[in-house]
Structure formats: C-alpha cells, structure tokens
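Visitor: Below is one structure. I have some questions about it.
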Amino acid sequence: MPAFLRTVIERRGDSRTIVLAKHTQFTCLDAYDPAYAALKHAKLERLLEKEETDADAQLIYQQRNLMAFAATEEVPYDSSGRVVLPPMMRRKGGIGDLALFLGTGETFQIWNPTTFLADPNIPEDMKDIARYRLEERGVSA
C-alpha cells in the first residue's frame with residue numbers, strides 16, 4: 001500500500017543505502033538498492049541487442065546508461081527505513097513537503113502526490129488510494 005514518507009526496503013545486500021534516479025517516463029524518482037544496478041545494466045544490454053539494427057542504437061544505449069548510472073545518487077536510510085532525499089533528487093522528482101512511496105516490483109517510485117494525482121497515465125484506482133492517504137494526513141487533494 002502507498003505510504004507517505006515511510007517505507008520498508010527489502011535489501012539484497014548489507015548496505016543500508018538506496019539509489020535514487022529520475023524515472024525515465026514519469027515525473028517522479030525511481031529507487032532501488034545498489035545490488036539492483038547489475039540487473040538494470042543487463043536489461044540495458046538486452047535492449048541494445050534488440051535494437052542493434054537501428055542506426056541510433058549505440059547513442060540511445062549510451063544515453064540510457066548515463067541516465068541509469070551517472071544521474072543517480074546513493075543515499076543512506078536508517079534502521080526504521082527513513083531516508084532523507086537530497087536536494088537535487090527532490091528537484092528532479094518534483095518532491096515537495098510530502099512524498100508518496102509506491103512499490104513497483106524490483107524498484108519503488110517516489111512521487112509528489114499532487115503530480116501523481118494530475119498525471120493522466122496513472123490509473124484512477126491508484127489515485128483514489130493516494131487521495132485516501134492524503135486525507136489520513138489531513139491534506140485535501
């Protein structure tokens with residue numbers, strides 16, 4: 001279930017850090033543990049193989065790698081799962097006073113709730129959950 005400013009992070013290693021990156025399609029942050037980076041790299045390699053007949057494939061591959069690995073920030077979290085979002089990542093994700101955490105399988109997303117509710121690509125059922133969470137905090141959507 002979505003929660004504001006609190007999440008439980010499943011670790012793949014001993015590190016108490018997460019990696020933050022600008023999501024490639026949404027106006028939010030993508031977050032994952034550092035061990036996921038190897039899986040992400042393998043996925044990018046497979047994409048390159050599928051697209052290798054495209055003349056721009058190598059450039060697109062390099063751009064994806066830059067965004068996936070050079071435009072990230074590794075941040076610590078405490079034993080209760082609290083994380084402090086660095087200013088640059090807050091800016092990249094458009095995160096203000098509240099943050100909506102959504103699990104998405106191997107990663108999770110961190111949204112500005114207002115941006116989430118305004119996005120036409122988000123299913124209405126998910127928006128209802130976000131509205132409910134805002135109401136729980138005494139914030140009108």
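For the structure tokens, the naming scheme is as follows: chains receive sequential letters (A, B, ...) according to their order of presentation, residues are indexed from 1 within each chain, and ligands are indexed from 1 in presentation order.
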Write out as a ChimeraX atom specification each polymer residue whose atoms come within 10 Å of Leu44 of chain A, counting only C-alpha atoms; drop sequence neighbours fewer than 5 positions from it.
Guide: /A:38-39,49-50,61-62,64-65,68
Visitor: Neighbouring residues of Thr17 of chain A were defined as those with any atom within 7 Å, considering only C-alpha atoms; residues of the same chain fewer than 4 positions away were excluded. Please report them as an MDAnalysis selection string.
Guide: chainID A and resid 33 74:77
Visitor: In terms of the shortest atom-to-atom distance over only C-alpha atoms, which of A:Ala99, A:Ala71, A:Ala55, A:Ile122 is closest to Val84 of chain A?
Guide: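 So, comparing all the options, the nearest one is A:Ala99.
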Visitor: Based on DSSP run over this structure's backbone, return all residues of chain A in strand (DSSP E or B), as JSON, numbers by chain.
Guide: {"A": [3, 4, 17, 18, 19, 20, 21, 22, 29, 30, 31, 32, 72, 73, 74, 75, 76, 77, 83, 100, 101, 102, 103, 108, 109, 110, 111]}
Visitor: Using C-alpha atoms, can you write the selected residues to a file as a compact mmCIF listing (two decimals), in the first residue's frame?
Guide:
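Below you can see out_2.txt, which holds the result:
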```txt
# COMPACT_ATOMS: atom_id res chain seq x y z
CA ALA A 3 2.57 5.39 2.29
CA PHE A 4 3.87 8.88 2.81
CA THR A 17 21.58 2.62 1.09
CA ILE A 18 19.24 3.12 -1.83
CA VAL A 19 19.92 4.50 -5.27
CA LEU A 20 17.73 7.36 -6.49
CA ALA A 21 17.27 8.30 -10.14
CA LYS A 22 14.84 10.35 -12.20
CA LEU A 29 12.01 9.26 -8.70
CA ASP A 30 12.91 5.63 -9.23
CA ALA A 31 14.54 3.99 -6.22
CA TYR A 32 16.26 0.65 -5.66
CA THR A 72 21.85 8.77 -9.75
CA GLU A 73 22.53 9.41 -6.12
CA GLU A 74 23.13 6.81 -3.44
CA VAL A 75 21.63 7.77 -0.09
CA PRO A 76 21.57 6.07 3.32
CA TYR A 77 18.47 5.10 5.24
CA VAL A 83 15.56 8.33 4.07
CA LEU A 100 4.26 9.19 -1.96
CA PHE A 101 6.15 5.87 -1.99
CA LEU A 102 4.84 3.19 -4.36
CA GLY A 103 6.27 -0.30 -4.71
CA PHE A 108 9.83 1.69 -5.99
CA GLN A 109 8.76 5.15 -7.05
CA ILE A 110 8.75 8.35 -5.02
CA TRP A 111 6.18 10.92 -6.15
```
Visitor: Using DSSP secondary structure from the backbone, list all helix (DSSP H, G or I) positions within segment 9-140 of chain A, as a ChimeraX atom specification.
Guide: /A:36-51,57-70,87-93,113-118,124-136
Visitor: How far is it from atom CA of Met88 of chain A to atom CA of Ala141 of chain A, in Å with one decimal?
Guide: 25.6 Å
Visitor: Please, what distance in Å, to one decimal, runs between atom CA of Gly93 of chain A and atom CA of Asp56 of chain A?
Guide: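 Between atom CA of Gly93 of chain A and atom CA of Asp56 of chain A the gap works out to 27.9 Å.
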Visitor: Would you mind telling me which residue in A:Tyr36, A:Met67, A:Glu106, A:Arg16 lies nearest to Gly81 of chain A when using only C-alpha atoms?
Guide: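 Closest candidate: A:Arg16.
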